[in-house]
Amino acid sequence: MSQHGVGLRAVLRPAVFLTAGALAVPFLAGCGSDEEVSRPLAGPDIGLVARDKVADGGTLKWAVDAVPETLNAYQADADAGTTRVAQAVLPSMFRSDANGRPVANPAYLESARVIETEPRQVVLYKLNQQAVWSDGREIGAADFAAQWRALSGKDSAYWTARNAGYDRIEKIERGSGDLQVRVTFSRPYADWKSLFSPLYPKDVMGTPDAFNDGARRKLNVTAGPFRVDKVDTAKKDVVLTRNPRWWGSPAKLNELVLHAVDRDKRVAALADGTVQLADIDAADAERIKAAGGSAGSPLRGGGKTSVSRLRSWALAHGFDAEQVKAGRKKLRQAITRYLEQQQELRAFAVRKSLEPAYTQLALNGAGGMLADERVRRGVARALDRQELAKVVLTPLGLPAVPVGSHLALSGQDAYADGSGALGGPDVKEAQALLTDAGWVAGGPVKERKQSEKAAGAEHDKGEKGAKGEKGEKGEKGEKDEKEEKSDKEEKSDGDDGEYIVGEDDKGKLHESAEERHEKGDEGGKHLAQDGRQYPGTELKHGSAPGAYAPRGTAAPAGAVAAPLAKDGKALDLRFVLPSGPGSETLDTVAARISAMLAKVGIRTTVTKVSDESYFKDHIASGDYDLALYSWPSSAFPATDARPIYGKPIPAADGSVNIEQNYTRVGTDQVDQLFDQAAATLDEGEARDLIRKADSRIWAAAASIPLYQRPELVGARKDVVNAGAFGFKAPVYEDMGFLKKGAKIAPGPTATK
């Protein structure tokens, strides 16, 4: 589920989900009247009702990935749970609307605007007269100043994640009244609206000790519709209760509980009432949707049902390999639990939208074959991004439109399709680029030695590859007792986590799930997860798992070209993917990409690695050629996107500072455009500079945006004003349960 407007000044992180996520407050308003204004491809789906239709009271339990390690959104280990807490209990000067545009938050601001540009930029904040902290003190200049000093980067005693924007402030002072705050910048800063969201009280920001440790497990002073009651690590709960000093519309809920639930246990948690609201994956969404009908039961007839029939039914209903291989008794028990859960899931609905985040193909240009821009461009021109978007989004009923920008999404004013700087899919052009780089078809190739592992293979001994486990053999015609006996004696074979696409017929990554089921494979249970956070690698956005394609989606048919070679070496790219359970998206997309590259003679060696090592040991360290992960779309790309696409800087000790530019490709021109966009206060000019920077990033062909990630949320049908938010910032005081007799209007349909 998308989160907005909180934690943007903290560490930028990609999502492999990347659950990392997505939290953006769009900016750069002011498109010219002569150009078409983009619109979000899908609106929020939150069970929207007026406050008078929301019942008073009740406790809403909302699933999160983990109990937050800190409640300070400006620390490096802040996560999606931190974001949700901050949104509910702290001031945020700006928040986004359903169209992805920033608006002043009237609960805290009467107005905020640039009042001077010469000799210095000055922003005047006029605060809501009723805005007070929970201890009764007015929110004011002292809080703004304390946050500036903590995040400015001038005092290393503060363990801050980032200081972007705060380092441009020269001074903060009280205006003509207590409710006015003047912020003077040392140099122009276009993204000033990104600051002070969230705003912490001076009690938290005033000293390094308070900042570093004081707000990790508690927030004594808050200023939102809720306050932090307790963080219960034993029960895996963060309990928020109504703030009695809240001056706005009172929260409808008595309590909002953020409860940690593993993603592969979300459906069970919904069914047993542990939570009423949870981000889910496509398989879980299918289960909830199917709960409205009849799944049928293979258990009729008592103990006479054959193991073969039970297994066939289990496979058809998405059971994992271990469940399917169980003996009759355990399998019957698992099926019984499944059917009981289906009955409970009838009380739930799936709410869906598109996250403000996109999945990309990253090409590591630091060295090797992809250091040559012609090769990167050849890879990019071999891809049909429209097809990749369709395979992910069409089955979900969401608009299958490829993302055309690295720096904004449709609906944001900075959005424009800049992919023309690279060019569309063209096999002949791709082959011409590769030929120009010296790669020829059918040339002599020195076989790779057995010891030459693909990227990360040594980190993941024992990991299963995409083929998964081998299935049972010889079930037909055997007695049930023999089947159970053989089942106990069977052994699962796994490969070494590596296989090559485009070489003979090995490692059929693109075969359908039905084909894998017929062969006894797991049907994609050991697949990459496009929805998990990794420390130091994700923007402070809490978000749901990424895109999902249906089981059985086959890759495109087409002739595989002769492998390309140069100097006796095949054009073989290491495609590194995480292997966590719960998502099929990255595996499916990688299959399509590998098949497309095979058509131009590029082989891909796919290596599945553990989620824990994916970013730390592979992406961040540069141990990959191709990889898939997601970036949230920032409201302030001039500030937030620069670390992602800025040119790596060599250090005196020989190391290279890449910040978050994991492709290791950047140019001076892109850096200059970012700097100019951040320094201009003309919104139209800033928008144009961002679009120019995006075109240059496309031309470098190191990051290829593919599709906007879907947002799927399982919600009890009477939960209102919560669900798949899309761009829209949650309004926590309006969340609750539908009054008896009231009705929810039909959810918005995706727009094009």
# chains A, B, ... in the order shown; residues from 1 in each chain; ligands from 1
$ residues_around --residues "Ala722 (chain A)" --least-positions-apart "5" --cutoff "9 Å" --atoms "only C-alpha atoms" --output "MDAnalysis selection string"
chainID A and resid 45:48 277 715 730:732 734:736
$ closest_residue --among "A:Asp237, A:Glu173, A:Glu286, A:Asp611" --to "Ala349 (chain A)" --atoms "only C-alpha atoms"
A:Glu286
$ atom_distance --atom1 "CA of Arg227 (chain A)" --atom2 "CA of Asp56 (chain A)"
17.5 Å
$ residues_around --residues "region 694-706 of chain A" --least-positions-apart "4" --cutoff "7 Å" --atoms "only C-alpha atoms" --output "PyMOL selection string"
chain A and resi 358-365+373+376-377+380+385+388-389+402-407+418-419+421-422+663+665+670+690
$ closest_residue --among "A:Asp272, A:Glu355, A:Leu179, A:Lys616" --to "Gln341 (chain A)" --atoms "only C-alpha atoms"
A:Asp272
$ select_by_dssp --residues "region 224-335 of chain A" --states "strand (DSSP E or B)" --output "ChimeraX atom specification"
/A:226-232,237-242,255-260,277-279
$ atom_distance --atom1 "CA of Arg664 (chain A)" --atom2 "CA of Asp372 (chain A)"
12.5 Å
$ atom_distance --atom1 "CA of Phe211 (chain A)" --atom2 "CA of Ala131 (chain A)"
22.6 Å
$ residues_around --residues "Asp143 (chain A)" --least-positions-apart "4" --cutoff "8 Å" --atoms "only C-alpha atoms" --output "PyMOL selection string"
chain A and resi 139+147+199-202+205
$ write_last_selection --atoms "N, CA, C and O atoms" --output "PDB file, in the first residue's frame"
ATOM      1  N   ILE A 139       2.497  24.500  17.996  1.00  0.00           N
ATOM      2  CA  ILE A 139       3.498  24.172  16.983  1.00  0.00           C
ATOM      3  C   ILE A 139       4.043  25.492  16.453  1.00  0.00           C
ATOM      4  O   ILE A 139       3.270  26.400  16.107  1.00  0.00           O
ATOM      5  N   GLN A 147      14.357  20.999  13.934  1.00  0.00           N
ATOM      6  CA  GLN A 147      14.451  19.991  12.876  1.00  0.00           C
ATOM      7  C   GLN A 147      15.512  20.381  11.852  1.00  0.00           C
ATOM      8  O   GLN A 147      16.264  19.529  11.366  1.00  0.00           O
ATOM      9  N   LEU A 199       6.989  16.734  10.546  1.00  0.00           N
ATOM     10  CA  LEU A 199       7.630  17.650  11.485  1.00  0.00           C
ATOM     11  C   LEU A 199       7.592  17.013  12.870  1.00  0.00           C
ATOM     12  O   LEU A 199       6.516  16.647  13.358  1.00  0.00           O
ATOM     13  N   TYR A 200       8.765  16.861  13.487  1.00  0.00           N
ATOM     14  CA  TYR A 200       8.844  16.317  14.840  1.00  0.00           C
ATOM     15  C   TYR A 200       8.939  17.459  15.843  1.00  0.00           C
ATOM     16  O   TYR A 200       9.422  18.550  15.514  1.00  0.00           O
ATOM     17  N   PRO A 201       8.514  17.237  17.069  1.00  0.00           N
ATOM     18  CA  PRO A 201       8.615  18.293  18.085  1.00  0.00           C
ATOM     19  C   PRO A 201      10.073  18.531  18.464  1.00  0.00           C
ATOM     20  O   PRO A 201      10.938  17.668  18.282  1.00  0.00           O
ATOM     21  N   LYS A 202      10.360  19.699  18.988  1.00  0.00           N
ATOM     22  CA  LYS A 202      11.728  20.024  19.392  1.00  0.00           C
ATOM     23  C   LYS A 202      12.239  19.065  20.461  1.00  0.00           C
ATOM     24  O   LYS A 202      13.457  18.897  20.617  1.00  0.00           O
ATOM     25  N   MET A 205      13.953  16.540  18.236  1.00  0.00           N
ATOM     26  CA  MET A 205      15.023  17.055  17.388  1.00  0.00           C
ATOM     27  C   MET A 205      16.038  17.920  18.130  1.00  0.00           C
ATOM     28  O   MET A 205      17.090  18.250  17.577  1.00  0.00           O
TER      29      MET A 205
END
$ residues_around --residues "Asp191 (chain A)" --least-positions-apart "6" --cutoff "10 Å" --atoms "only C-alpha atoms" --output "PyMOL selection string"
chain A and resi 27-28+164-165+635-640+677-681+683+686
$ residues_around --residues "Thr336 (chain A)" --least-positions-apart "6" --cutoff "10 Å" --atoms "only C-alpha atoms" --output "list of chain:residue names"
A:Ser297, A:Pro298, A:Leu299, A:Lys330, A:Gln342
$ select_by_dssp --residues "region 164-399 of chain A" --states "alpha helix (DSSP H)" --output "JSON, numbers by chain"
{"A": [202, 203, 204, 205, 208, 209, 266, 267, 268, 269, 270, 271, 282, 283, 284, 285, 286, 287, 288, 289, 290, 307, 308, 309, 310, 311, 312, 313, 314, 315, 316, 321, 322, 323, 324, 325, 328, 329, 330, 331, 332, 333, 334, 335, 336, 337, 338, 339, 340, 341, 342, 343, 344, 373, 374, 375, 376, 377, 378, 379, 380, 381, 385, 386, 387, 388, 389, 390, 391, 392, 393]}
$ residues_around --residues "Lys740 (chain A)" --least-positions-apart "4" --cutoff "10 Å" --atoms "only C-alpha atoms" --output "list in words"
Lys53, Val54, Ala55 and Asp718 of chain A
$ closest_residue --among "A:Ala347, A:Leu393, A:Val445, A:Ala78" --to "Asp567 (chain A)" --atoms "only C-alpha atoms"
A:Val445
$ closest_residue --among "A:Asp623, A:Asp203, A:Asp178, A:Asp671" --to "Tyr645 (chain A)" --atoms "only C-alpha atoms"
A:Asp671
$ closest_residue --among "A:Ile658, A:Ala729, A:Leu571, A:Ala371" --to "Ser92 (chain A)" --atoms "only C-alpha atoms"
A:Ala729
$ closest_residue --among "A:Arg381, A:Lys289, A:Arg120, A:Arg39" --to "Val350 (chain A)" --atoms "only C-alpha atoms"
A:Lys289
